[in-house]
Structure formats: C-alpha cells, structure tokens
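J.: Just query_12.cif, nothing more (mmCIF, C-alpha atoms):
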```
data_input
#
loop_
_atom_site.label_atom_id
_atom_site.label_comp_id
_atom_site.auth_asym_id
_atom_site.auth_seq_id
_atom_site.Cartn_x
_atom_site.Cartn_y
_atom_site.Cartn_z
CA SER A 7 -20.45 -28.36 -33.71
CA GLY A 8 -23.00 -30.71 -35.31
CA TYR A 9 -26.50 -31.17 -36.70
CA PHE A 10 -29.93 -32.01 -35.31
CA SER A 11 -33.48 -32.42 -36.68
CA SER A 12 -36.50 -30.56 -35.33
CA ASN A 13 -40.11 -29.84 -36.28
CA ARG A 14 -40.07 -26.53 -34.35
CA THR A 15 -42.28 -23.64 -35.42
CA ASP A 16 -41.07 -21.40 -38.27
CA GLY A 17 -39.20 -24.26 -39.97
CA LEU A 18 -39.33 -24.89 -43.69
CA GLY A 19 -41.17 -28.23 -43.49
CA SER A 20 -42.13 -30.89 -40.94
CA ASP A 21 -38.74 -32.05 -39.66
CA ASP A 22 -35.86 -29.79 -40.64
CA ILE A 23 -32.14 -30.24 -40.25
CA TYR A 24 -30.30 -27.55 -38.31
CA SER A 25 -26.58 -26.99 -37.75
CA PHE A 26 -25.05 -25.60 -34.56
CA THR A 27 -21.69 -24.40 -33.29
CA ARG A 28 -21.10 -24.30 -29.56
CA GLU A 29 -19.44 -21.12 -28.36
CA GLN A 30 -16.59 -21.31 -25.90
CA VAL A 31 -17.63 -20.15 -22.43
CA LEU A 32 -14.74 -18.58 -20.49
CA ALA A 33 -14.73 -18.85 -16.71
CA PHE A 34 -12.35 -16.92 -14.46
CA SER A 35 -11.79 -17.06 -10.74
CA LEU A 36 -9.44 -15.58 -8.19
CA SER A 37 -8.05 -17.41 -5.19
CA GLY A 38 -5.40 -16.70 -2.63
CA LYS A 39 -4.45 -16.44 1.02
CA VAL A 40 -3.76 -13.63 3.45
CA TYR A 41 -0.56 -14.01 5.47
CA ASN A 42 1.13 -12.28 8.37
CA LYS A 43 4.00 -10.55 6.54
CA VAL A 44 6.49 -11.09 9.37
CA THR A 45 5.66 -14.59 10.62
CA GLY A 46 4.41 -16.06 7.34
CA GLN A 47 1.40 -17.55 9.14
CA PRO A 48 -2.06 -17.38 7.48
CA LEU A 49 -4.49 -14.80 8.86
CA SER A 50 -8.09 -15.83 9.46
CA GLY A 51 -10.81 -13.21 9.82
CA ALA A 52 -9.17 -10.77 7.41
CA MET A 53 -11.51 -8.76 5.17
CA VAL A 54 -10.66 -9.08 1.47
CA THR A 55 -12.25 -6.61 -0.96
CA LEU A 56 -12.45 -7.08 -4.74
CA ASN A 57 -13.23 -3.82 -6.53
CA LYS A 58 -14.10 -4.08 -10.22
CA THR A 59 -13.07 -0.95 -12.09
CA GLY A 60 -16.29 0.87 -12.94
CA GLY A 61 -18.37 -1.89 -11.42
CA SER A 62 -19.28 -3.85 -8.32
CA VAL A 63 -17.47 -4.28 -4.99
CA LEU A 64 -17.35 -7.72 -3.36
CA ARG A 65 -16.08 -8.62 0.13
CA VAL A 66 -15.30 -11.91 1.82
CA GLU A 67 -13.69 -12.90 5.10
CA THR A 68 -10.78 -15.31 5.10
CA ASP A 69 -11.35 -18.74 6.64
CA GLU A 70 -9.20 -20.45 9.25
CA THR A 71 -6.52 -21.14 6.62
CA GLY A 72 -6.44 -17.51 5.49
CA ALA A 73 -8.00 -18.43 2.14
CA PHE A 74 -10.38 -16.41 -0.02
CA LYS A 75 -11.98 -16.89 -3.45
CA PHE A 76 -13.94 -14.80 -5.98
CA LYS A 77 -15.53 -15.33 -9.40
CA LEU A 78 -14.28 -12.89 -12.04
CA GLU A 79 -15.85 -11.45 -15.16
CA LYS A 80 -14.17 -11.45 -18.55
CA ALA A 81 -12.32 -8.40 -19.93
CA SER A 82 -12.31 -6.64 -16.57
CA ASP A 83 -9.82 -4.85 -14.33
CA TYR A 84 -9.85 -5.29 -10.55
CA GLY A 85 -8.27 -3.94 -7.40
CA LEU A 86 -7.73 -6.38 -4.53
CA THR A 87 -7.25 -5.26 -0.91
CA GLY A 88 -6.77 -7.14 2.35
CA GLU A 89 -7.44 -5.58 5.77
CA LYS A 90 -7.45 -6.69 9.39
CA THR A 91 -7.63 -4.81 12.68
CA ASN A 92 -4.16 -3.85 13.97
CA PHE A 93 -2.52 -4.70 10.64
CA ARG A 94 -1.42 -2.51 7.76
CA SER A 95 -3.42 -3.29 4.65
CA ASP A 96 -2.01 -4.74 1.44
CA GLY A 97 -3.32 -4.57 -2.10
CA THR A 98 -2.65 -5.43 -5.72
CA ASP A 99 -4.23 -5.14 -9.17
CA LEU A 100 -5.28 -7.86 -11.62
CA THR A 101 -7.08 -8.19 -14.93
CA THR A 102 -8.88 -10.73 -17.08
CA LYS A 103 -8.35 -8.70 -20.25
CA ASN A 104 -6.60 -10.53 -23.09
CA LEU A 105 -7.17 -13.94 -21.46
CA THR A 106 -8.27 -16.39 -24.16
CA SER A 107 -8.90 -19.46 -22.02
CA SER A 108 -10.48 -20.16 -18.66
CA ALA A 109 -8.13 -19.55 -15.76
CA GLU A 110 -7.82 -19.37 -11.99
CA ILE A 111 -5.72 -16.38 -11.00
CA LYS A 112 -3.79 -16.70 -7.75
CA LYS A 113 -2.92 -13.68 -5.61
CA ASP A 114 -1.69 -13.70 -2.02
CA LEU A 115 -1.74 -10.71 0.34
CA TYR A 116 0.69 -9.94 3.15
CA LEU A 117 -0.40 -7.80 6.10
CA GLU A 118 2.13 -6.30 8.48
CA ALA A 119 1.19 -6.04 12.15
CA VAL A 120 1.03 -2.49 13.46
CA GLU A 121 3.56 -1.74 16.19
CA LEU A 122 2.68 1.48 17.97
CA ASN A 123 5.46 4.03 18.46
CA LYS A 124 7.98 2.06 16.40
CA ALA A 125 10.09 4.35 14.20
CA ILE A 126 9.85 3.49 10.50
CA ARG A 127 12.38 5.25 8.30
CA LEU A 128 11.30 6.93 5.09
CA GLU A 129 14.08 6.36 2.59
CA ASN A 130 15.38 9.03 0.19
CA ILE A 131 13.89 12.03 2.00
CA TYR A 132 16.54 14.66 1.35
CA TYR A 133 16.54 18.43 1.82
CA ASP A 134 18.77 21.05 0.28
CA PHE A 135 21.36 22.41 2.70
CA ASP A 136 19.78 24.59 5.38
CA LYS A 137 16.37 24.33 3.62
CA SER A 138 13.05 22.80 4.63
CA ASN A 139 11.11 22.82 1.35
CA ILE A 140 9.97 19.47 -0.11
CA ARG A 141 12.02 18.54 -3.15
CA ALA A 142 10.55 16.55 -6.05
CA ASP A 143 12.47 13.39 -5.08
CA ALA A 144 11.22 13.64 -1.49
CA ALA A 145 7.65 14.14 -2.72
CA VAL A 146 7.79 10.75 -4.45
CA GLU A 147 8.63 9.07 -1.15
CA LEU A 148 6.05 11.04 0.84
CA ASP A 149 3.40 9.96 -1.65
CA LYS A 150 4.05 6.38 -0.52
CA LEU A 151 3.19 7.40 3.05
CA VAL A 152 0.06 9.13 1.75
CA LYS A 153 -0.96 5.85 0.12
CA ILE A 154 -0.42 3.96 3.40
CA MET A 155 -2.64 6.44 5.24
CA GLN A 156 -5.30 6.27 2.54
CA ASP A 157 -5.33 2.49 2.77
CA ASN A 158 -5.45 2.60 6.59
CA PRO A 159 -8.00 5.33 7.43
CA THR A 160 -7.86 4.71 11.19
CA MET A 161 -4.09 5.18 11.37
CA TRP A 162 -2.70 8.26 13.14
CA ILE A 163 1.01 8.99 12.87
CA GLU A 164 3.80 11.23 14.08
CA LEU A 165 6.27 12.34 11.42
CA GLY A 166 9.69 13.12 12.84
CA SER A 167 12.71 14.83 11.31
CA HIS A 168 16.27 14.37 12.59
CA THR A 169 19.57 16.17 11.92
CA ASP A 170 23.18 15.26 12.52
CA SER A 171 25.20 16.87 15.31
CA ARG A 172 26.99 19.48 13.21
CA GLY A 173 25.89 23.04 13.90
CA ASN A 174 24.17 24.70 16.83
CA ASP A 175 21.93 22.39 18.87
CA ALA A 176 19.05 24.85 19.12
CA TYR A 177 19.27 25.72 15.44
CA ASN A 178 19.22 22.03 14.46
CA LEU A 179 16.14 21.51 16.61
CA ALA A 180 14.30 24.40 14.92
CA LEU A 181 15.43 23.30 11.45
CA SER A 182 14.20 19.75 12.00
CA GLN A 183 10.85 21.07 13.23
CA ARG A 184 10.45 23.17 10.07
CA ARG A 185 11.33 20.18 7.93
CA ALA A 186 8.85 17.94 9.73
CA GLU A 187 6.12 20.57 9.41
CA SER A 188 6.89 20.97 5.71
CA ALA A 189 6.52 17.23 5.15
CA VAL A 190 3.27 17.13 7.14
CA GLN A 191 1.82 20.05 5.15
CA TYR A 192 2.66 18.19 1.93
CA ILE A 193 0.81 15.10 3.17
CA ILE A 194 -2.20 17.20 4.24
CA SER A 195 -2.24 18.80 0.77
CA ARG A 196 -2.78 15.30 -0.63
CA GLY A 197 -6.06 14.96 1.24
CA ILE A 198 -5.01 13.46 4.58
CA SER A 199 -6.77 15.03 7.59
CA LYS A 200 -4.49 17.25 9.65
CA ASN A 201 -5.85 15.58 12.78
CA ARG A 202 -4.21 12.30 11.78
CA ILE A 203 -0.62 13.48 11.52
CA GLU A 204 1.68 15.44 13.82
CA ALA A 205 5.04 17.05 13.01
CA LYS A 206 7.91 16.59 15.43
CA GLY A 207 11.47 17.90 15.05
CA TYR A 208 14.07 16.08 17.12
CA GLY A 209 17.16 17.93 15.93
CA GLU A 210 20.23 15.99 17.04
CA THR A 211 18.67 14.54 20.19
CA ARG A 212 18.25 11.00 18.82
CA LEU A 213 21.46 10.13 17.02
CA LEU A 214 21.84 6.57 15.75
CA ASN A 215 25.60 6.37 16.22
CA ARG A 216 28.56 7.86 18.10
CA CYS A 217 28.65 11.09 16.08
CA THR A 218 27.85 13.58 18.83
CA ASN A 219 29.24 17.11 19.14
CA GLY A 220 33.01 17.20 18.66
CA VAL A 221 33.34 13.61 17.46
CA LYS A 222 35.05 13.26 14.07
CA CYS A 223 32.87 11.22 11.72
CA THR A 224 32.67 10.45 8.02
CA PRO A 225 30.00 12.04 5.80
CA ALA A 226 28.25 8.65 5.60
CA GLU A 227 28.08 8.41 9.40
CA HIS A 228 26.56 11.89 9.61
CA GLN A 229 24.13 11.03 6.81
CA LEU A 230 22.79 8.11 8.87
CA ASN A 231 21.51 10.59 11.45
CA ARG A 232 19.86 12.94 8.91
CA ARG A 233 16.63 11.05 8.46
CA THR A 234 12.84 11.31 8.37
CA GLU A 235 10.74 8.72 10.19
CA PHE A 236 7.13 8.09 11.03
CA LYS A 237 5.58 6.31 14.01
CA ILE A 238 2.08 4.93 14.20
CA VAL A 239 0.66 6.38 17.41
CA LYS A 240 -2.92 5.18 17.02
CA GLN A 241 -4.62 2.46 14.96
#
```
Written as structure tokens, that's how I'd like the structure from this file.

T.:
Amino acid sequence: SGYFSSNRTDGLGSDDIYSFTREQVLAFSLSGKVYNKVTGQPLSGAMVTLNKTGGSVLRVETDETGAFKFKLEKASDYGLTGEKTNFRSDGTDLTTKNLTSSAEIKKDLYLEAVELNKAIRLENIYYDFDKSNIRADAAVELDKLVKIMQDNPTMWIELGSHTDSRGNDAYNLALSQRRAESAVQYIISRGISKNRIEAKGYGETRLLNRCTNGVKCTPAEHQLNRRTEFKIVKQ
C-alpha cells in the first residue's frame, strides 16, 4: 500500500494525492509425471486431460521425462486423467478451493500396461448358495469394473465365473455360466455396450489348486476356486 500524486482528470485540484492498496494475486499450477505402474519408468507420449468441473477441458502430451504441467484457476474443482495406447488409464481429482496462497499442486499418474487374455480377479464377488443374482456387496465391486471400462472405451473383456469341484460337473458349469451372465447384464445396465463384454462360465474346469473331485479340502481351499475374473481380449 502507499500514496502517489496525480493531476489526472476528475481530480479535486491540479495535483491530488491518492492512496492505493495492492490486492494479492493468487496463482495456481499443476505439475506431475506419468509412470508405468509396473516398472516405475516415466511414460512419454501419454495424453493427460484436465477437466474443470463445469468449465473447460485442456489436454497436453507428456514429454520424454513423462512430465506435464497446467495452469489452474482459483476456487475450482478438476478431474485429471492420463491415457496411453495399450495402457489402462488412471485418474484423480484436485481442487484449488480454500487455498489462500499461491501454490503448485503435484499429482502423478500411474498407467498399467494392458496384457491381453491375462486373468484379473475381481475381489469380493460372492453369490448366495446355488444362486446367480447379483448381491449388493458384489454390485459395489462390479461398479469398479464399470469405471475401468468407462475410462478405457476401446477395451473389450471376457468376464468369467468359476466354481469349486463340489457338486455335479455339468451343473457347476451351467451355474457358473448363469452367474457370469448375471454379472455381465449388471454391467450392461450401467451403460456399457453389450458388444464389449462376453460372459463365460468355466465351472470347475480351471481350479487353482489340488481340490478336484474326491479330494478332501478345507473351506478356504474351496473358496479360492470360487471366483470371478475378467480378461482383456481387445484394446
């Protein structure tokens, strides 16, 4: 703050004395790097998108060090997403609301390379005994897969359901198919195209341990085989 003299128009006399107070100008920026989630190496040529809630969308490509940078506006919310061909995308949220001083926000993104036909287990997908309907706790986990498919619109998957060896082989195969189809229908109901996802019931044909027909196993060993997995078949 301070004072200055001026003979500008609309003053009270010839030279007048004016006071001033300089307002604080806040400046915000975002910087970070995109990494390969498995190797930890930076990824060049990745597309990073900054989406301001209710506002503009900005995109930059990472340089040879995997780095990116954006200017941010005050009192704003943003969504940040990183994408690269043959990688699963990653994203996070950030805000400049309630910041009272200039700041550089740092956010790194980690992209996982897509491996075709590699089984990825969906945790906590449980069904009631002899049932195929989607329970509320399973829906929470399937919603995570929906999010992955929304973030990766070129990804096509196979969703597979597996049983343990107890019970009739043919019945287990049919039950697993119904369970897989039930899960797929749930995902389709969340807006994913039916062309992008296929249901496959494997029954007890792909056990993960020694617990085949007639082998005495613990409940935990049987539980290991009762699982739901997805495989990326096209990217």

J.: So which residues touch Pro159 (chain A) within 12 Å, counting all atoms listed in the file, skipping near sequence neighbours fewer than 5 positions away, as a list of chain:residue names?

T.: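 Returned residues: A:Glu89, A:Thr91, A:Asn92, A:Phe93, A:Arg94, A:Ser95, A:Val152, A:Lys153, A:Ile154, A:Gly197, A:Ile198, A:Ser199, A:Asn201, A:Arg202, A:Ile203, A:Lys240, A:Gln241.
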
J.: Counting all atoms listed in the file, which of A:Glu70, A:Asp157, A:Glu129, A:Asp16 gets nearest to Gln47 (chain A)?

T.: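 Comparing A:Glu70, A:Asp157, A:Glu129, A:Asp16 against Gln47 (chain A), the winner is A:Glu70.
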
J.: Figure out the distance between CA of Gly72 (chain A) and CA of Phe34 (chain A), please, to one decimal in Å.

T.: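 Going from CA of Phe34 (chain A) over to CA of Gly72 (chain A), I get 20.8 Å.
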
J.: Rounded to one decimal in Å, what is the spacing between CA of Arg14 (chain A) and CA of Arg28 (chain A)?

T.: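 One can read the CA of Arg14 (chain A) to CA of Arg28 (chain A) distance as 19.7 Å.
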
J.: Quick check on the file I pasted: which residues fall under the PyMOL selection byres ((chain A and resi 86) around 12)? Write them as a ChimeraX atom specification.

T.: /A:36-40,53-59,63-66,74-76,78,83-85,87-89,95-101,112-116,157

J.: When the PyMOL selection byres ((chain A and resi 160-176) around 6) is applied to the file above, which residues end up in the set, as a PyMOL selection string?

T.: chain A and resi 158-159+177-179+182+186+202-210+218-219+228+231-241

J.: If we count only C-alpha atoms and set the cut-off at 10 Å, which residues sit around Asn104 (chain A), ignoring sequence neighbours fewer than 3 positions away in its own chain? Please answer as a PyMOL selection string.

T.: chain A and resi 80-82+101+107

J.: Separation of CA of Met155 (chain A) and CA of Ser138 (chain A), in Å?

T.: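 Separation of CA of Met155 (chain A) and CA of Ser138 (chain A): 22.7 Å.
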
J.: May I have the residues within 9 Å of Leu148 (chain A) as a list in words, using all atoms listed in the file and disregarding those fewer than 6 positions away in the same chain?

T.: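 The filter keeps Leu128, Ile131, Ala189, Tyr192 and Ile193 of chain A.
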
J.: Nearest to Thr71 (chain A) among A:Ser7, A:Ser50, A:Asn130, A:Asn42, with distances taken over all atoms listed in the file: which residue is it?

T.: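 Of the candidates, the smallest distance to Thr71 (chain A) is held by A:Ser50.
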
J.: Of the candidates A:Val44, A:Glu67, A:Arg184, A:Val190, which shows the shortest atom-to-atom distance to Ala119 (chain A), using all atoms listed in the file?

T.: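 That would be A:Val44, the residue with the smallest distance to Ala119 (chain A).
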
J.: For the provided coordinates, the residues matched by the PyMOL selection byres ((chain A and resi 11) around 9) should be stated as a count of residues only.

T.: 9
